[in-house]
file model25.txt (compact mmCIF, C-alpha atoms)
# COMPACT_ATOMS: atom_id res chain seq x y z
CA MET R 490 -115.87 3.27 123.47
CA GLN R 491 -118.00 0.15 123.39
CA ILE R 492 -118.30 -2.61 120.81
CA LEU R 493 -121.98 -3.39 120.29
CA GLN R 494 -123.58 -6.50 118.80
CA ASN R 495 -126.30 -6.99 116.18
CA ILE R 496 -126.84 -3.31 115.43
CA SER R 497 -129.12 -2.14 112.61
CA LEU R 498 -127.29 0.02 110.07
CA LYS R 499 -130.50 1.69 108.91
CA PRO R 500 -129.68 4.98 110.71
CA TYR R 501 -126.15 4.92 109.29
CA ASN R 502 -126.86 4.81 105.54
CA THR R 503 -128.82 7.40 103.56
CA PHE R 504 -130.58 4.71 101.54
CA GLY R 505 -132.20 3.62 104.81
CA ILE R 506 -131.50 -0.06 104.16
CA ASP R 507 -132.11 -2.18 107.25
CA VAL R 508 -129.25 -4.66 107.55
CA LEU R 509 -127.41 -5.81 110.67
CA ALA R 510 -123.81 -5.41 111.71
CA LYS R 511 -122.68 -8.35 113.82
CA HIS R 512 -120.38 -5.94 115.68
CA PHE R 513 -120.42 -2.14 115.68
CA VAL R 514 -118.30 0.60 117.23
CA SER R 515 -118.31 4.39 116.90
CA VAL R 516 -114.90 6.08 117.25
CA THR R 517 -114.44 9.74 118.16
CA ASN R 518 -110.66 10.07 118.25
CA ILE R 519 -107.55 8.67 116.57
CA ASP R 520 -106.31 6.78 119.64
CA ASP R 521 -109.54 4.79 119.87
CA LEU R 522 -109.39 4.14 116.13
CA LYS R 523 -105.85 2.80 116.41
CA ASN R 524 -106.82 0.56 119.31
CA ILE R 525 -109.80 -0.84 117.40
CA LEU R 526 -107.69 -1.55 114.34
CA LYS R 527 -105.24 -3.52 116.47
CA LEU R 528 -107.90 -6.00 117.55
CA LYS R 529 -107.12 -9.38 116.01
CA GLU R 530 -110.45 -11.05 116.74
CA PHE R 531 -112.20 -9.09 113.99
CA SER R 532 -110.77 -10.15 110.66
CA ASN R 533 -113.50 -8.41 108.68
CA LYS R 534 -113.81 -4.64 109.21
CA LEU R 535 -116.06 -2.18 107.39
CA ILE R 536 -115.30 1.54 107.64
CA LEU R 537 -118.46 3.65 107.72
CA GLY R 538 -118.61 7.43 107.44
CA GLY R 539 -121.80 9.29 106.59
CA GLY R 540 -123.19 6.27 104.73
CA SER R 541 -124.15 8.46 101.78
CA ASN R 542 -122.25 6.71 99.02
CA MET R 543 -123.11 3.07 99.58
CA LEU R 544 -125.77 0.49 98.98
CA LEU R 545 -125.95 -2.24 101.60
CA THR R 546 -127.31 -5.49 100.23
CA LYS R 547 -126.81 -7.90 103.15
CA ASP R 548 -125.94 -8.19 106.83
CA TYR R 549 -122.30 -7.59 107.69
CA ASN R 550 -120.68 -10.50 109.48
CA GLY R 551 -117.82 -8.51 110.98
CA LEU R 552 -116.98 -5.23 112.73
CA VAL R 553 -118.41 -1.96 111.42
CA ILE R 554 -116.26 1.00 112.47
CA HIS R 555 -118.23 4.23 112.40
CA ILE R 556 -115.89 7.23 111.94
CA ASN R 557 -117.34 9.90 114.22
CA MET R 558 -114.39 12.26 114.80
CA LYS R 559 -115.48 15.92 114.98
CA GLY R 560 -113.82 19.30 114.88
CA VAL R 561 -112.96 22.24 112.59
CA GLU R 562 -109.94 24.49 113.06
CA ILE R 563 -107.89 27.14 111.24
CA VAL R 564 -104.43 25.82 110.35
CA SER R 565 -103.05 28.92 108.60
CA ASP R 566 -104.20 32.32 107.37
CA ASN R 567 -102.19 34.73 105.23
CA GLY R 568 -104.92 37.33 104.80
CA ASP R 569 -105.95 36.26 101.29
CA THR R 570 -106.12 32.52 101.82
CA VAL R 571 -107.13 30.36 104.76
CA TRP R 572 -106.30 26.72 105.39
CA VAL R 573 -109.06 24.96 107.31
CA LYS R 574 -108.78 21.51 108.87
CA ALA R 575 -111.97 19.48 109.26
CA HIS R 576 -112.11 16.09 110.93
CA ALA R 577 -113.56 13.11 109.12
CA GLY R 578 -116.82 12.84 111.05
CA GLU R 579 -117.98 16.37 110.28
CA ASN R 580 -121.13 16.52 108.15
CA TRP R 581 -120.11 17.87 104.74
CA HIS R 582 -122.98 20.32 104.21
CA GLN R 583 -122.70 21.71 107.73
CA PHE R 584 -118.98 22.26 107.11
CA VAL R 585 -119.76 24.11 103.86
CA LEU R 586 -122.22 26.35 105.71
CA TRP R 587 -119.64 27.03 108.44
CA CYS R 588 -117.14 28.14 105.80
CA ILE R 589 -119.68 30.43 104.16
CA GLU R 590 -120.63 31.99 107.50
CA ASN R 591 -116.95 32.80 108.00
CA ASN R 592 -116.64 34.14 104.42
CA TYR R 593 -114.31 31.35 103.28
CA GLY R 594 -114.91 30.73 99.59
CA GLY R 595 -114.40 27.89 97.15
CA ILE R 596 -116.83 25.18 98.20
CA GLU R 597 -120.15 27.01 97.95
CA ASN R 598 -121.03 25.07 94.78
CA LEU R 599 -120.71 21.85 96.79
CA SER R 600 -123.56 22.76 99.13
CA LEU R 601 -126.06 20.09 100.16
CA ILE R 602 -123.97 17.13 99.00
CA PRO R 603 -124.72 14.32 101.46
CA GLY R 604 -122.02 12.58 103.47
CA ASN R 605 -119.12 13.45 105.74
CA VAL R 606 -115.82 15.26 105.24
CA GLY R 607 -113.74 12.09 105.52
CA THR R 608 -115.31 10.38 102.54
CA ALA R 609 -115.41 13.46 100.29
CA PRO R 610 -111.87 13.04 98.88
CA ILE R 611 -112.36 9.35 98.14
CA GLN R 612 -114.62 9.99 95.17
CA ASN R 613 -113.55 13.61 94.62
CA ILE R 614 -117.09 14.89 95.11
CA GLY R 615 -118.21 17.53 92.67
CA ALA R 616 -121.17 19.59 91.53
CA TYR R 617 -121.94 22.62 89.36
CA GLY R 618 -118.47 23.03 87.90
CA VAL R 619 -116.49 22.54 91.12
CA GLU R 620 -114.72 19.45 92.45
CA LEU R 621 -113.20 18.77 95.84
CA LYS R 622 -109.72 18.76 94.31
CA ASP R 623 -110.15 22.47 93.51
CA VAL R 624 -109.98 23.34 97.23
CA PHE R 625 -108.04 20.34 98.56
CA ASP R 626 -104.67 20.91 100.22
CA SER R 627 -103.94 17.60 101.98
CA CYS R 628 -105.41 14.93 104.17
CA GLU R 629 -104.33 12.73 107.05
CA ALA R 630 -105.11 9.03 106.84
CA ILE R 631 -104.34 6.03 108.98
CA SER R 632 -102.87 2.91 107.38
CA LEU R 633 -104.85 -0.26 108.05
CA GLU R 634 -101.62 -2.22 107.73
CA SER R 635 -99.16 -0.22 109.83
CA ASN R 636 -101.65 1.69 112.04
CA GLU R 637 -99.62 4.84 111.37
CA ILE R 638 -100.81 8.26 110.22
CA GLN R 639 -99.75 9.34 106.73
CA ILE R 640 -100.22 12.70 105.02
CA PHE R 641 -101.37 12.76 101.38
CA THR R 642 -100.84 15.89 99.30
CA LYS R 643 -103.10 16.90 96.43
CA SER R 644 -100.78 15.42 93.80
CA GLU R 645 -100.43 12.18 95.74
CA CYS R 646 -104.22 11.73 95.82
CA ASP R 647 -104.28 11.47 92.00
CA PHE R 648 -107.74 13.00 91.71
CA GLY R 649 -109.86 12.28 88.66
CA TYR R 650 -113.55 12.46 87.78
CA ARG R 651 -115.26 10.93 90.86
CA ASN R 652 -112.00 9.18 91.51
CA SER R 653 -108.87 9.24 93.66
CA ILE R 654 -106.06 7.01 94.83
CA PHE R 655 -108.37 5.92 97.66
CA LYS R 656 -110.60 4.21 95.08
CA GLN R 657 -107.63 2.74 93.23
CA ASP R 658 -104.22 1.71 94.63
CA LYS R 659 -105.08 2.65 98.22
CA LYS R 660 -108.62 1.28 98.22
CA ARG R 661 -109.50 -0.19 101.63
CA LYS R 662 -105.92 0.43 102.78
CA PHE R 663 -106.39 3.80 104.53
CA ILE R 664 -108.96 5.61 106.65
CA ILE R 665 -109.05 9.38 106.13
CA THR R 666 -109.12 11.06 109.55
CA SER R 667 -109.02 14.76 108.57
CA VAL R 668 -108.79 17.03 105.53
CA ILE R 669 -107.18 20.45 105.06
CA PHE R 670 -108.91 22.80 102.61
CA LYS R 671 -107.38 25.86 100.91
CA LEU R 672 -110.08 28.54 100.72
CA THR R 673 -110.29 32.18 99.68
CA LYS R 674 -110.93 35.19 101.91
CA GLY R 675 -112.68 38.15 100.30
CA GLN R 676 -111.30 37.82 96.77
CA HIS R 677 -113.62 34.97 95.83
CA LYS R 678 -113.66 33.46 92.36
CA LEU R 679 -117.29 32.53 91.82
CA ASN R 680 -118.24 29.71 89.48
CA ILE R 681 -121.81 30.43 88.38
CA ASN R 682 -121.79 29.40 84.72
CA TYR R 683 -122.60 25.72 85.23
CA GLY R 684 -126.11 24.32 85.24
CA ALA R 685 -128.92 26.59 86.38
CA ILE R 686 -127.02 28.74 88.89
CA THR R 687 -127.10 31.90 86.76
CA SER R 688 -130.82 31.62 86.05
CA GLN R 689 -131.52 30.89 89.72
CA LEU R 690 -129.64 34.05 90.72
CA GLU R 691 -131.46 36.07 88.07
CA ALA R 692 -134.80 34.76 89.34
CA SER R 693 -133.85 36.09 92.76
CA ASN R 694 -132.79 39.43 91.19
CA ILE R 695 -129.22 39.01 92.44
CA LYS R 696 -126.75 40.82 90.18
CA LYS R 697 -123.63 40.79 92.37
CA PRO R 698 -123.77 37.42 94.13
CA SER R 699 -121.86 36.55 97.27
CA ILE R 700 -120.67 33.04 98.10
CA LYS R 701 -123.78 32.73 100.28
CA ASP R 702 -125.97 33.68 97.32
CA VAL R 703 -124.30 30.99 95.21
CA SER R 704 -124.75 28.44 97.98
CA ASN R 705 -128.43 29.34 98.35
CA ALA R 706 -128.91 29.01 94.59
CA VAL R 707 -127.27 25.56 94.57
CA ILE R 708 -129.39 24.46 97.53
CA ALA R 709 -132.58 25.63 95.79
CA ILE R 710 -131.66 23.80 92.60
CA ARG R 711 -130.73 20.59 94.41
CA GLU R 712 -133.86 20.63 96.56
CA SER R 713 -136.02 21.03 93.46
CA LYS R 714 -134.43 17.99 91.80
CA LEU R 715 -133.19 15.67 94.51
CA PRO R 716 -135.11 13.99 97.33
CA ASN R 717 -134.11 14.59 100.94
CA PRO R 718 -132.58 11.32 102.25
CA LYS R 719 -134.35 11.95 105.57
CA GLU R 720 -137.67 11.71 103.72
CA ILE R 721 -136.92 9.27 100.88
CA GLY R 722 -133.94 6.93 101.12
CA ASN R 723 -131.29 7.57 98.45
CA SER R 724 -127.58 8.11 97.92
CA GLY R 725 -127.79 11.04 95.53
CA SER R 726 -126.47 10.30 92.06
CA PHE R 727 -126.25 6.53 91.75
CA PHE R 728 -124.35 6.55 88.43
CA LYS R 729 -121.35 8.42 87.06
CA ASN R 730 -121.71 10.49 83.91
CA PRO R 731 -119.99 8.43 81.19
CA VAL R 732 -117.18 9.79 79.03
CA ILE R 733 -117.17 8.81 75.35
CA SER R 734 -115.13 9.67 72.27
CA ASN R 735 -116.09 12.47 69.92
CA SER R 736 -116.60 9.97 67.12
CA GLN R 737 -119.04 7.92 69.20
CA PHE R 738 -120.88 11.09 70.16
CA LYS R 739 -121.24 12.14 66.52
CA THR R 740 -122.67 8.74 65.65
CA LEU R 741 -125.19 8.90 68.50
CA ALA R 742 -126.13 12.50 67.72
CA GLU R 743 -127.27 11.42 64.25
CA ASN R 744 -130.03 9.39 65.91
CA PHE R 745 -130.57 11.58 68.98
CA ASN R 746 -130.29 15.23 67.96
CA ASP R 747 -131.05 16.42 71.51
CA LEU R 748 -128.18 14.44 73.04
CA PRO R 749 -126.40 16.79 75.49
CA SER R 750 -122.64 16.73 75.96
CA TYR R 751 -119.87 18.52 77.81
CA PRO R 752 -116.37 18.57 76.26
CA ILE R 753 -113.63 17.41 78.64
CA SER R 754 -110.77 17.19 76.13
CA GLU R 755 -110.11 17.51 72.41
CA SER R 756 -111.16 13.91 71.86
CA GLU R 757 -113.74 13.14 74.56
CA VAL R 758 -117.08 14.40 75.87
CA LYS R 759 -119.10 13.73 78.99
CA ILE R 760 -122.71 12.59 78.56
CA PRO R 761 -125.28 13.12 81.35
CA ALA R 762 -126.20 9.68 82.64
CA GLY R 763 -129.55 11.07 83.78
CA TRP R 764 -130.46 11.90 80.19
CA LEU R 765 -129.61 8.37 79.05
CA ILE R 766 -131.64 6.81 81.87
CA GLU R 767 -134.62 9.07 81.20
CA LYS R 768 -134.52 8.30 77.46
CA ALA R 769 -134.44 4.60 78.39
CA GLY R 770 -137.79 5.07 80.13
CA PHE R 771 -136.77 4.72 83.77
CA LYS R 772 -137.36 8.22 85.14
CA GLY R 773 -140.14 8.02 87.75
CA LYS R 774 -140.43 4.25 87.40
CA ARG R 775 -141.61 2.70 90.67
CA LEU R 776 -141.44 -0.97 91.60
CA GLY R 777 -143.32 -1.35 94.85
CA ASN R 778 -141.32 0.40 97.56
CA TYR R 779 -138.29 1.34 95.43
CA GLY R 780 -137.60 2.87 92.05
CA VAL R 781 -136.17 5.87 90.14
CA HIS R 782 -136.96 9.36 91.37
CA LYS R 783 -139.57 11.29 89.41
CA ASN R 784 -137.48 14.47 89.15
CA GLN R 785 -133.99 13.06 88.63
CA ALA R 786 -133.31 9.83 86.77
CA LEU R 787 -129.82 9.56 88.32
CA VAL R 788 -131.33 8.94 91.74
CA LEU R 789 -132.53 5.50 92.81
CA VAL R 790 -134.79 5.61 95.85
CA ASN R 791 -136.07 3.53 98.73
CA TYR R 792 -139.62 4.60 99.53
CA GLY R 793 -139.47 2.55 102.71
CA GLY R 794 -138.71 -1.08 103.46
CA ALA R 795 -136.87 -1.90 100.24
CA LYS R 796 -134.01 -4.37 100.25
CA GLY R 797 -130.62 -3.38 98.98
CA GLU R 798 -130.59 -6.32 96.61
CA GLU R 799 -133.78 -5.05 94.96
CA ILE R 800 -132.23 -1.65 94.29
CA LEU R 801 -129.07 -3.33 93.04
CA ASN R 802 -131.05 -5.43 90.55
CA LEU R 803 -132.82 -2.29 89.31
CA SER R 804 -129.46 -0.58 88.78
CA LYS R 805 -128.24 -3.56 86.76
CA LEU R 806 -131.36 -3.45 84.60
CA ILE R 807 -130.80 0.26 83.94
CA GLN R 808 -127.16 -0.37 82.98
CA LYS R 809 -128.14 -3.21 80.66
CA THR R 810 -130.87 -1.16 78.96
CA VAL R 811 -128.66 1.92 78.47
CA LYS R 812 -125.94 -0.27 76.99
CA ARG R 813 -128.41 -1.86 74.57
CA LEU R 814 -129.95 1.42 73.44
CA PHE R 815 -126.89 3.67 73.27
CA ASN R 816 -123.89 1.32 73.42
CA ILE R 817 -122.71 3.30 76.45
CA SER R 818 -121.69 1.70 79.73
CA ILE R 819 -122.68 3.64 82.85
CA GLU R 820 -120.83 2.88 86.05
CA ALA R 821 -122.27 2.95 89.57
CA GLU R 822 -120.94 5.83 91.63
CA VAL R 823 -121.95 4.25 94.95
CA ASN R 824 -120.12 1.45 96.72
CA ILE R 825 -122.10 -1.76 96.77
CA LEU R 826 -121.60 -4.00 99.78
call {"tool": "encode", "arguments": {"input": "model25.txt", "output": "structure tokens"}}
result
Amino acid sequence: MQILQNISLKPYNTFGIDVLAKHFVSVTNIDDLKNILKLKEFSNKLILGGGSNMLLTKDYNGLVIHINMKGVEIVSDNGDTVWVKAHAGENWHQFVLWCIENNYGGIENLSLIPGNVGTAPIQNIGAYGVELKDVFDSCEAISLESNEIQIFTKSECDFGYRNSIFKQDKKRKFIITSVIFKLTKGQHKLNINYGAITSQLEASNIKKPSIKDVSNAVIAIRESKLPNPKEIGNSGSFFKNPVISNSQFKTLAENFNDLPSYPISESEVKIPAGWLIEKAGFKGKRLGNYGVHKNQALVLVNYGGAKGEEILNLSKLIQKTVKRLFNISIEAEVNIL
């Protein structure tokens, strides 16, 4: 383990923003992590996982700790259900594929989501009708204050829409080191009624889909809509889908009869932020070497060489315009540093 100086974070964030870390260290085990956290000479510490859910806007004048702990193991297996432990540094999509190869079901709808396992619970990642909380059993996390490991159960994580206790009361107080997932074996409950999964399966003439079929369908859909971060810098969906009251929706629908919505309770509906952004005229808008992706208005992109501050200013303009046109506030899903 070596602490490096003046390291570019461009390879460590999917937006591909080139900023410098004054100090940088990559940790591969808990003991090294504990030792690093004990160091008093670094008052400012930034925890970095897969770098998929952040926008870096300036150099970091402190210590960047890259969580690079690897490993996947079976914790328990009762024949119908398997509990799988994955360490924080595992790539999320590769972990999903590993589960599918072993016929462990429940996370196939979450295929191709960028990032690492350790950051997945923080924002309760979700896609195509499935959220991380649906397969979450527990996680281990290290306290930045006490340097001790603590276990968080599903109820203790207080999961919500793109939300958890790690974005609220425990924000910047813990580092997740591993996660245990509760997955099915054989008797899989497929979720194929959200988005275009059913039509994608039908196009492939698949009538009795397996979890691999569902994963392949999700991958095909995502690849058709979302840019590959290795080719065009991005962090996936930049904004959360806003939730509004039924009364506000009815008022808006009088002026926008094609306004889509998804009921989440008796009194509230979720509105696709991408639809709002597209209606506001931003889909495909390019400003030099950054802009909004041509196929998905939720995705802000760095075509190469853009500054984080430029992308941040674009996001603020989008928020301001959507608020003016629809009286709806859309919140950034990414962390802005």
call {"tool": "residues_around", "arguments": {"input": "model25.txt", "residues": "Leu741 in chain R", "least_positions_apart": "3", "cutoff": "12 Å", "atoms": "only C-alpha atoms", "output": "list in words"}}
result
Ile733, Ser734, Asn735, Ser736, Gln737, Phe738, Asn744, Phe745, Asn746, Asp747, Leu748, Pro749, Ser750, Ile760, Leu765, Leu814, Phe815, Asn816 and Ile817 of chain R
call {"tool": "write_last_selection", "arguments": {"input": "model25.txt", "atoms": "C-alpha atoms", "output": "compact mmCIF listing (two decimals), in the frame of the given file"}}
result
# COMPACT_ATOMS: atom_id res chain seq x y z
CA ILE R 733 -117.17 8.81 75.35
CA SER R 734 -115.13 9.67 72.27
CA ASN R 735 -116.09 12.47 69.92
CA SER R 736 -116.60 9.97 67.12
CA GLN R 737 -119.04 7.92 69.20
CA PHE R 738 -120.88 11.09 70.16
CA ASN R 744 -130.03 9.39 65.91
CA PHE R 745 -130.57 11.58 68.98
CA ASN R 746 -130.29 15.23 67.96
CA ASP R 747 -131.05 16.42 71.51
CA LEU R 748 -128.18 14.44 73.04
CA PRO R 749 -126.40 16.79 75.49
CA SER R 750 -122.64 16.73 75.96
CA ILE R 760 -122.71 12.59 78.56
CA LEU R 765 -129.61 8.37 79.05
CA LEU R 814 -129.95 1.42 73.44
CA PHE R 815 -126.89 3.67 73.27
CA ASN R 816 -123.89 1.32 73.42
CA ILE R 817 -122.71 3.30 76.45
call {"tool": "closest_residue", "arguments": {"input": "model25.txt", "among": "R:Pro752, R:Pro718, R:Gly560, R:Gly594", "to": "Asp623 in chain R", "atoms": "all atoms listed in the file"}}
result
R:Gly594
call {"tool": "atom_distance", "arguments": {"input": "model25.txt", "atom1": "CA of Asn598 in chain R", "atom2": "CA of Tyr683 in chain R"}}
result
9.7 Å
call {"tool": "residues_around", "arguments": {"input": "model25.txt", "residues": "range 671-680 of chain R", "least_positions_apart": "2", "cutoff": "10 Å", "atoms": "only C-alpha atoms", "output": "PyMOL selection string"}}
result
chain R and resi 564-574+588+591-598+617-619+622-627+669+682-683+686-687+698-700+703
call {"tool": "residues_around", "arguments": {"input": "model25.txt", "residues": "range 785-791 of chain R", "least_positions_apart": "4", "cutoff": "7 Å", "atoms": "all atoms listed in the file", "output": "list in words"}}
result
Phe504, Lys714, Leu715, Ile721, Gly722, Asn723, Gly725, Ser726, Phe727, Phe728, Ala762, Gly763, Ile766, Glu767, Phe771, Lys772, Asn778, Tyr779, Gly780, Val781 and Ala795 of chain R
call {"tool": "closest_atom_pairs", "arguments": {"input": "model25.txt", "of": "range 711-759 of chain R", "to": "range 633-650 of chain R", "cutoff": "12 Å", "atoms": "only C-alpha atoms", "output": "JSON lines"}}
result
{"residue": "R:Lys729", "atom": "CA", "partner": "R:Tyr650", "partner_atom": "CA", "distance": 8.8}
{"residue": "R:Asn730", "atom": "CA", "partner": "R:Tyr650", "partner_atom": "CA", "distance": 9.2}
{"residue": "R:Pro731", "atom": "CA", "partner": "R:Tyr650", "partner_atom": "CA", "distance": 10.1}
{"residue": "R:Val732", "atom": "CA", "partner": "R:Tyr650", "partner_atom": "CA", "distance": 9.8}
{"residue": "R:Ile753", "atom": "CA", "partner": "R:Tyr650", "partner_atom": "CA", "distance": 10.4}
{"residue": "R:Lys759", "atom": "CA", "partner": "R:Tyr650", "partner_atom": "CA", "distance": 10.5}
call {"tool": "closest_residue", "arguments": {"input": "model25.txt", "among": "R:Lys499, R:Lys768, R:Lys783, R:Lys796", "to": "Thr810 in chain R", "atoms": "all atoms listed in the file"}}
result
R:Lys768
call {"tool": "residues_around", "arguments": {"input": "model25.txt", "residues": "range 533-539 of chain R", "least_positions_apart": "3", "cutoff": "6 Å", "atoms": "all atoms listed in the file", "output": "PyMOL selection string"}}
result
chain R and resi 551-556+604-605
call {"tool": "atom_distance", "arguments": {"input": "model25.txt", "atom1": "CA of Ile631 in chain R", "atom2": "CA of Ile589 in chain R"}}
result
29.2 Å
call {"tool": "residues_around", "arguments": {"input": "model25.txt", "residues": "Asp507 in chain R", "least_positions_apart": "4", "cutoff": "12 Å", "atoms": "all atoms listed in the file", "output": "PyMOL selection string"}}
result
chain R and resi 495-503+544-549+722+791+793-798
call {"tool": "closest_residue", "arguments": {"input": "model25.txt", "among": "R:Leu586, R:Ala692, R:Leu801, R:Leu526", "to": "Leu601 in chain R", "atoms": "only C-alpha atoms"}}
result
R:Leu586
call {"tool": "closest_residue", "arguments": {"input": "model25.txt", "among": "R:Ser713, R:Ser667, R:Thr608, R:Asn802", "to": "Asn542 in chain R", "atoms": "only C-alpha atoms"}}
result
R:Thr608
call {"tool": "closest_residue", "arguments": {"input": "model25.txt", "among": "R:Gly540, R:Leu493, R:Asn518, R:Val668", "to": "Glu562 in chain R", "atoms": "only C-alpha atoms"}}
result
R:Val668
call {"tool": "closest_residue", "arguments": {"input": "model25.txt", "among": "R:Leu599, R:Ala769, R:Asn550, R:Lys529", "to": "Leu509 in chain R", "atoms": "all atoms listed in the file"}}
result
R:Asn550
